[in-house]
Amino acid sequence: MSRMELNKRQDEILEIVKADGPITGEQIAERLSLTRATIRPDLAILTMAGFLDARPRVGYFYSGKKKDQHLTENMMNMKVRDFQSIPVVVKESLSVYDAITQMFLEDVGTLIVVDDQSRLTGILSRKDLLRTAIGGTDLEKIPVHMIMTRMPNIAYCRKNEALVHVAKVLIERQIDALPVVEETEEGLSVIGRITKTNITSAFLSLAENHDL
């Protein structure tokens, strides 16, 4: 995942090329009072990032790409795998009482329910547990599989999905977290979770890197 932010010299190179391009690397270096070898890495970065184009025997010219385009691309390149956290998983046979205890101990808003083969089977939210707790039943006698949200009514994601798409799902479905899964022959194996907090942290880091 790229989080490149242009440094001062790269900004200066861009301004030179925008004003006087096409221009050779030697001419750019001379304008900066530097050697061609010194700015070679900067020119390579700017070219690979799409800010500059280069033509043999012609030189560098500005491609028209703007910094906000670069920011947008960085945001779209953020993947779940880079920001997912460890899943908080419980078994289907766990009692509602123990699930409430687990939720408070882990300080999470969602518990991921799996079967004996660790396959995703359900989701437990605060609302699910609260609804059961105020029902006047014996919480130690009710297993979570009786109150959880079951497949196929569970939203989940995969590690290679764009973070911005997951954020949209969380908002549209008004939920706090999604399990991150990978498909196996036995079913969906839980490998992580992505939360609103994960996504907020990711977008804040992007904003800081771009001085927003």
# chains A, B, ... in the order shown; residues from 1 in each chain; ligands from 1

call {"tool": "select_by_dssp", "arguments": {"residues": "range 29-59 of chain A", "states": "helix (DSSP H, G or I)", "output": "PyMOL selection string"}}
result
chain A and resi 29-31+36-48

call {"tool": "write_last_selection", "arguments": {"atoms": "all heavy atoms", "output": "tab-separated table (two decimals), in the first residue's frame"}}
result
chain	number	residue	atom	x	y	z
A	29	ALA	N	18.34	19.49	-12.46
A	29	ALA	CA	19.37	19.44	-11.42
A	29	ALA	C	20.12	20.76	-11.35
A	29	ALA	O	20.42	21.27	-10.25
A	29	ALA	CB	20.33	18.29	-11.71
A	30	GLU	N	20.41	21.33	-12.50
A	30	GLU	CA	21.12	22.61	-12.53
A	30	GLU	C	20.29	23.71	-11.88
A	30	GLU	O	20.81	24.55	-11.14
A	30	GLU	CB	21.45	22.98	-13.98
A	30	GLU	CG	22.26	24.26	-14.11
A	30	GLU	CD	22.60	24.58	-15.56
A	30	GLU	OE1	22.32	23.73	-16.44
A	30	GLU	OE2	23.15	25.68	-15.80
A	31	ARG	N	19.00	23.72	-12.12
A	31	ARG	CA	18.11	24.72	-11.51
A	31	ARG	C	18.10	24.60	-9.99
A	31	ARG	O	17.91	25.59	-9.28
A	31	ARG	CB	16.69	24.56	-12.06
A	31	ARG	CG	16.56	24.87	-13.54
A	31	ARG	CD	16.38	26.37	-13.78
A	31	ARG	NE	15.14	26.83	-13.21
A	31	ARG	CZ	13.96	26.79	-13.84
A	31	ARG	NH1	13.89	26.28	-15.06
A	31	ARG	NH2	12.87	27.26	-13.26
A	36	ARG	N	22.71	15.50	-11.18
A	36	ARG	CA	21.67	14.65	-11.76
A	36	ARG	C	21.46	13.39	-10.93
A	36	ARG	O	20.33	12.95	-10.73
A	36	ARG	CB	22.09	14.27	-13.20
A	36	ARG	CG	21.18	13.27	-13.89
A	36	ARG	CD	19.84	13.90	-14.22
A	36	ARG	NE	19.03	13.01	-15.04
A	36	ARG	CZ	18.31	11.99	-14.59
A	36	ARG	NH1	18.30	11.73	-13.30
A	36	ARG	NH2	17.60	11.25	-15.40
A	37	ALA	N	22.56	12.85	-10.40
A	37	ALA	CA	22.45	11.63	-9.59
A	37	ALA	C	21.65	11.87	-8.31
A	37	ALA	O	20.94	10.98	-7.83
A	37	ALA	CB	23.85	11.11	-9.25
A	38	THR	N	21.77	13.07	-7.76
A	38	THR	CA	21.08	13.38	-6.50
A	38	THR	C	19.56	13.37	-6.67
A	38	THR	O	18.83	12.89	-5.80
A	38	THR	CB	21.52	14.75	-5.96
A	38	THR	OG1	22.94	14.72	-5.74
A	38	THR	CG2	20.81	15.09	-4.66
A	39	ILE	N	19.09	13.88	-7.79
A	39	ILE	CA	17.64	13.97	-7.98
A	39	ILE	C	17.06	12.78	-8.73
A	39	ILE	O	15.84	12.70	-8.91
A	39	ILE	CB	17.24	15.27	-8.71
A	39	ILE	CG1	17.75	15.26	-10.16
A	39	ILE	CG2	17.75	16.49	-7.95
A	39	ILE	CD1	17.17	16.37	-11.00
A	40	ARG	N	17.92	11.83	-9.14
A	40	ARG	CA	17.42	10.67	-9.89
A	40	ARG	C	16.32	9.92	-9.13
A	40	ARG	O	15.29	9.57	-9.72
A	40	ARG	CB	18.57	9.73	-10.25
A	40	ARG	CG	18.13	8.57	-11.15
A	40	ARG	CD	19.29	7.70	-11.58
A	40	ARG	NE	20.16	8.42	-12.51
A	40	ARG	CZ	21.42	8.75	-12.26
A	40	ARG	NH1	21.96	8.44	-11.08
A	40	ARG	NH2	22.14	9.38	-13.16
A	41	PRO	N	16.49	9.64	-7.81
A	41	PRO	CA	15.41	8.96	-7.08
A	41	PRO	C	14.11	9.75	-7.05
A	41	PRO	O	13.02	9.18	-7.15
A	41	PRO	CB	15.98	8.78	-5.67
A	41	PRO	CG	17.46	8.85	-5.84
A	41	PRO	CD	17.68	9.82	-6.95
A	42	ASP	N	14.21	11.08	-6.92
A	42	ASP	CA	13.01	11.92	-6.90
A	42	ASP	C	12.28	11.86	-8.25
A	42	ASP	O	11.05	11.77	-8.30
A	42	ASP	CB	13.37	13.37	-6.57
A	42	ASP	CG	14.00	13.51	-5.20
A	42	ASP	OD1	13.37	13.07	-4.23
A	42	ASP	OD2	15.11	14.06	-5.10
A	43	LEU	N	13.05	11.90	-9.33
A	43	LEU	CA	12.44	11.83	-10.65
A	43	LEU	C	11.77	10.47	-10.87
A	43	LEU	O	10.68	10.39	-11.46
A	43	LEU	CB	13.50	12.08	-11.73
A	43	LEU	CG	14.06	13.50	-11.80
A	43	LEU	CD1	15.25	13.56	-12.74
A	43	LEU	CD2	12.98	14.49	-12.23
A	44	ALA	N	12.40	9.42	-10.36
A	44	ALA	CA	11.81	8.08	-10.50
A	44	ALA	C	10.50	7.98	-9.74
A	44	ALA	O	9.51	7.43	-10.24
A	44	ALA	CB	12.80	7.04	-9.99
A	45	ILE	N	10.47	8.52	-8.52
A	45	ILE	CA	9.25	8.49	-7.71
A	45	ILE	C	8.14	9.28	-8.38
A	45	ILE	O	6.99	8.81	-8.48
A	45	ILE	CB	9.53	9.04	-6.30
A	45	ILE	CG1	10.39	8.06	-5.51
A	45	ILE	CG2	8.23	9.33	-5.55
A	45	ILE	CD1	10.90	8.60	-4.19
A	46	LEU	N	8.45	10.47	-8.84
A	46	LEU	CA	7.44	11.32	-9.47
A	46	LEU	C	6.91	10.69	-10.76
A	46	LEU	O	5.73	10.84	-11.09
A	46	LEU	CB	8.03	12.70	-9.75
A	46	LEU	CG	8.33	13.54	-8.51
A	46	LEU	CD1	9.13	14.79	-8.90
A	46	LEU	CD2	7.05	13.93	-7.79
A	47	THR	N	7.77	9.99	-11.48
A	47	THR	CA	7.34	9.34	-12.71
A	47	THR	C	6.47	8.12	-12.42
A	47	THR	O	5.40	7.94	-13.03
A	47	THR	CB	8.57	8.92	-13.54
A	47	THR	OG1	9.37	10.08	-13.82
A	47	THR	CG2	8.13	8.29	-14.86
A	48	MET	N	6.90	7.29	-11.47
A	48	MET	CA	6.11	6.10	-11.12
A	48	MET	C	4.76	6.48	-10.52
A	48	MET	O	3.77	5.78	-10.71
A	48	MET	CB	6.90	5.22	-10.14
A	48	MET	CG	8.07	4.50	-10.80
A	48	MET	SD	8.85	3.30	-9.69
A	48	MET	CE	9.57	4.39	-8.45

call {"tool": "residues_around", "arguments": {"residues": "range 199-205 of chain A", "least_positions_apart": "6", "cutoff": "8 Å", "atoms": "only C-alpha atoms", "output": "PyMOL selection string"}}
result
chain A and resi 75+83+163+167

call {"tool": "atom_distance", "arguments": {"atom1": "CA of Ser189 in chain A", "atom2": "CA of Pro143 in chain A"}}
result
21.2 Å

call {"tool": "residues_around", "arguments": {"residues": "range 104-117 of chain A", "least_positions_apart": "4", "cutoff": "6 Å", "atoms": "only C-alpha atoms", "output": "list in words"}}
result
Val88, Val89, Val90, Lys91, Glu92, Thr121, Gly122, Ile123, Leu124, Ser125 and Arg126 of chain A

call {"tool": "atom_distance", "arguments": {"atom1": "CA of Leu6 in chain A", "atom2": "CA of Lys196 in chain A"}}
result
28.7 Å

call {"tool": "select_by_dssp", "arguments": {"residues": "range 39-183 of chain A", "states": "strand (DSSP E or B)", "output": "ChimeraX atom specification"}}
result
/A:52-55,59-62,79,85,89-91,95,110-114,119-125,143,149-150,157,162,177-183

call {"tool": "write_last_selection", "arguments": {"atoms": "N, CA, C and O atoms", "output": "compact mmCIF listing (two decimals), in the first residue's frame"}}
result
# COMPACT_ATOMS: atom_id res chain seq x y z
N LEU A 52 4.83 12.91 -13.35
CA LEU A 52 5.65 13.27 -14.50
C LEU A 52 5.63 12.15 -15.53
O LEU A 52 5.48 10.98 -15.19
N ASP A 53 5.80 12.54 -16.79
CA ASP A 53 6.08 11.59 -17.85
C ASP A 53 7.46 11.91 -18.40
O ASP A 53 7.93 13.06 -18.30
N ALA A 54 8.13 10.91 -18.94
CA ALA A 54 9.48 11.11 -19.48
C ALA A 54 9.56 10.52 -20.87
O ALA A 54 9.04 9.41 -21.13
N ARG A 55 10.22 11.25 -21.78
CA ARG A 55 10.42 10.75 -23.14
C ARG A 55 11.89 10.86 -23.49
O ARG A 55 12.52 11.90 -23.22
N GLY A 59 12.83 14.74 -22.53
CA GLY A 59 12.91 15.16 -21.14
C GLY A 59 11.62 14.88 -20.40
O GLY A 59 10.77 14.09 -20.83
N TYR A 60 11.49 15.55 -19.28
CA TYR A 60 10.32 15.35 -18.40
C TYR A 60 9.28 16.42 -18.67
O TYR A 60 9.60 17.59 -18.93
N PHE A 61 8.03 16.02 -18.60
CA PHE A 61 6.94 16.98 -18.68
C PHE A 61 5.85 16.59 -17.71
O PHE A 61 5.71 15.43 -17.32
N TYR A 62 5.08 17.59 -17.29
CA TYR A 62 4.05 17.40 -16.28
C TYR A 62 2.86 16.66 -16.87
O TYR A 62 2.37 17.02 -17.94
N LYS A 79 -6.37 -1.31 2.03
CA LYS A 79 -7.02 -2.61 2.06
C LYS A 79 -7.31 -3.05 3.49
O LYS A 79 -6.62 -2.65 4.43
N SER A 85 -7.98 -6.04 12.78
CA SER A 85 -7.51 -6.38 14.11
C SER A 85 -7.86 -7.83 14.43
O SER A 85 -8.52 -8.51 13.64
N VAL A 89 -13.69 -13.96 19.15
CA VAL A 89 -14.51 -15.08 18.71
C VAL A 89 -15.03 -15.87 19.90
O VAL A 89 -14.32 -16.08 20.88
N VAL A 90 -16.30 -16.30 19.80
CA VAL A 90 -16.89 -17.17 20.83
C VAL A 90 -17.55 -18.36 20.14
O VAL A 90 -17.91 -18.30 18.96
N LYS A 91 -17.72 -19.44 20.89
CA LYS A 91 -18.36 -20.64 20.36
C LYS A 91 -19.88 -20.54 20.49
O LYS A 91 -20.41 -19.85 21.36
N SER A 95 -22.76 -19.45 26.89
CA SER A 95 -24.00 -18.88 27.42
C SER A 95 -24.06 -17.38 27.17
O SER A 95 -23.01 -16.73 27.00
N THR A 110 -19.06 -6.08 19.28
CA THR A 110 -19.53 -7.20 18.48
C THR A 110 -18.70 -8.44 18.79
O THR A 110 -17.47 -8.36 18.86
N LEU A 111 -19.38 -9.58 18.95
CA LEU A 111 -18.71 -10.86 19.10
C LEU A 111 -18.98 -11.70 17.86
O LEU A 111 -20.10 -11.72 17.35
N ILE A 112 -17.96 -12.38 17.38
CA ILE A 112 -18.09 -13.25 16.22
C ILE A 112 -18.29 -14.68 16.71
O ILE A 112 -17.51 -15.17 17.53
N VAL A 113 -19.32 -15.34 16.23
CA VAL A 113 -19.66 -16.69 16.69
C VAL A 113 -19.21 -17.71 15.64
O VAL A 113 -19.46 -17.54 14.45
N VAL A 114 -18.54 -18.76 16.12
CA VAL A 114 -18.07 -19.82 15.22
C VAL A 114 -18.51 -21.18 15.76
O VAL A 114 -18.85 -21.33 16.94
N ARG A 119 -15.72 -22.17 11.92
CA ARG A 119 -16.36 -21.54 10.78
C ARG A 119 -17.36 -20.49 11.25
O ARG A 119 -18.05 -20.70 12.26
N LEU A 120 -17.46 -19.41 10.52
CA LEU A 120 -18.38 -18.34 10.87
C LEU A 120 -19.82 -18.83 10.80
O LEU A 120 -20.27 -19.37 9.80
N THR A 121 -20.55 -18.63 11.91
CA THR A 121 -21.97 -19.02 11.92
C THR A 121 -22.88 -17.90 12.39
O THR A 121 -24.08 -17.94 12.13
N GLY A 122 -22.35 -16.90 13.10
CA GLY A 122 -23.22 -15.87 13.61
C GLY A 122 -22.48 -14.65 14.12
O GLY A 122 -21.25 -14.63 14.23
N ILE A 123 -23.26 -13.63 14.45
CA ILE A 123 -22.75 -12.38 15.02
C ILE A 123 -23.61 -12.00 16.22
O ILE A 123 -24.85 -12.12 16.17
N LEU A 124 -22.97 -11.56 17.26
CA LEU A 124 -23.66 -11.08 18.46
C LEU A 124 -23.34 -9.61 18.66
O LEU A 124 -22.18 -9.22 18.77
N SER A 125 -24.38 -8.80 18.73
CA SER A 125 -24.19 -7.38 18.97
C SER A 125 -24.64 -7.03 20.38
O SER A 125 -25.25 -7.84 21.08
N PRO A 143 -27.78 -20.57 25.30
CA PRO A 143 -26.58 -20.50 24.46
C PRO A 143 -26.72 -19.39 23.42
O PRO A 143 -27.84 -19.07 22.99
N THR A 149 -27.43 -13.35 15.27
CA THR A 149 -27.79 -13.17 13.87
C THR A 149 -27.05 -14.23 13.07
O THR A 149 -25.83 -14.38 13.20
N ARG A 150 -27.79 -14.96 12.24
CA ARG A 150 -27.20 -16.11 11.54
C ARG A 150 -26.91 -15.83 10.07
O ARG A 150 -27.44 -14.87 9.48
N CYS A 157 -16.40 -9.39 5.17
CA CYS A 157 -15.53 -8.90 4.12
C CYS A 157 -14.30 -9.79 4.02
O CYS A 157 -14.08 -10.67 4.86
N ALA A 162 -11.26 -3.14 -0.53
CA ALA A 162 -10.90 -1.75 -0.24
C ALA A 162 -11.57 -1.30 1.06
O ALA A 162 -12.75 -1.58 1.29
N ALA A 177 -18.94 -3.49 13.27
CA ALA A 177 -17.78 -4.27 12.83
C ALA A 177 -18.19 -5.34 11.83
O ALA A 177 -19.36 -5.74 11.77
N LEU A 178 -17.22 -5.79 11.05
CA LEU A 178 -17.40 -6.90 10.13
C LEU A 178 -16.33 -7.95 10.39
O LEU A 178 -15.16 -7.61 10.62
N PRO A 179 -16.70 -9.23 10.37
CA PRO A 179 -15.66 -10.25 10.41
C PRO A 179 -14.92 -10.28 9.08
O PRO A 179 -15.51 -10.08 8.02
N VAL A 180 -13.62 -10.52 9.15
CA VAL A 180 -12.82 -10.72 7.94
C VAL A 180 -12.66 -12.22 7.76
O VAL A 180 -12.24 -12.92 8.68
N VAL A 181 -13.00 -12.72 6.59
CA VAL A 181 -13.03 -14.16 6.38
C VAL A 181 -12.21 -14.57 5.16
O VAL A 181 -11.91 -13.73 4.29
N GLU A 182 -11.88 -15.83 5.13
CA GLU A 182 -11.35 -16.43 3.90
C GLU A 182 -12.11 -17.74 3.68
O GLU A 182 -12.47 -18.43 4.62
N GLU A 183 -12.33 -18.05 2.42
CA GLU A 183 -13.10 -19.23 2.08
C GLU A 183 -12.24 -20.49 2.14
O GLU A 183 -11.12 -20.50 1.64

call {"tool": "atom_distance", "arguments": {"atom1": "CA of Ser63 in chain A", "atom2": "CA of Phe51 in chain A"}}
result
5.5 Å

call {"tool": "closest_residue", "arguments": {"among": "A:Leu170, A:Val190, A:Leu94, A:Ile134", "to": "Met146 in chain A", "atoms": "only C-alpha atoms"}}
result
A:Leu94
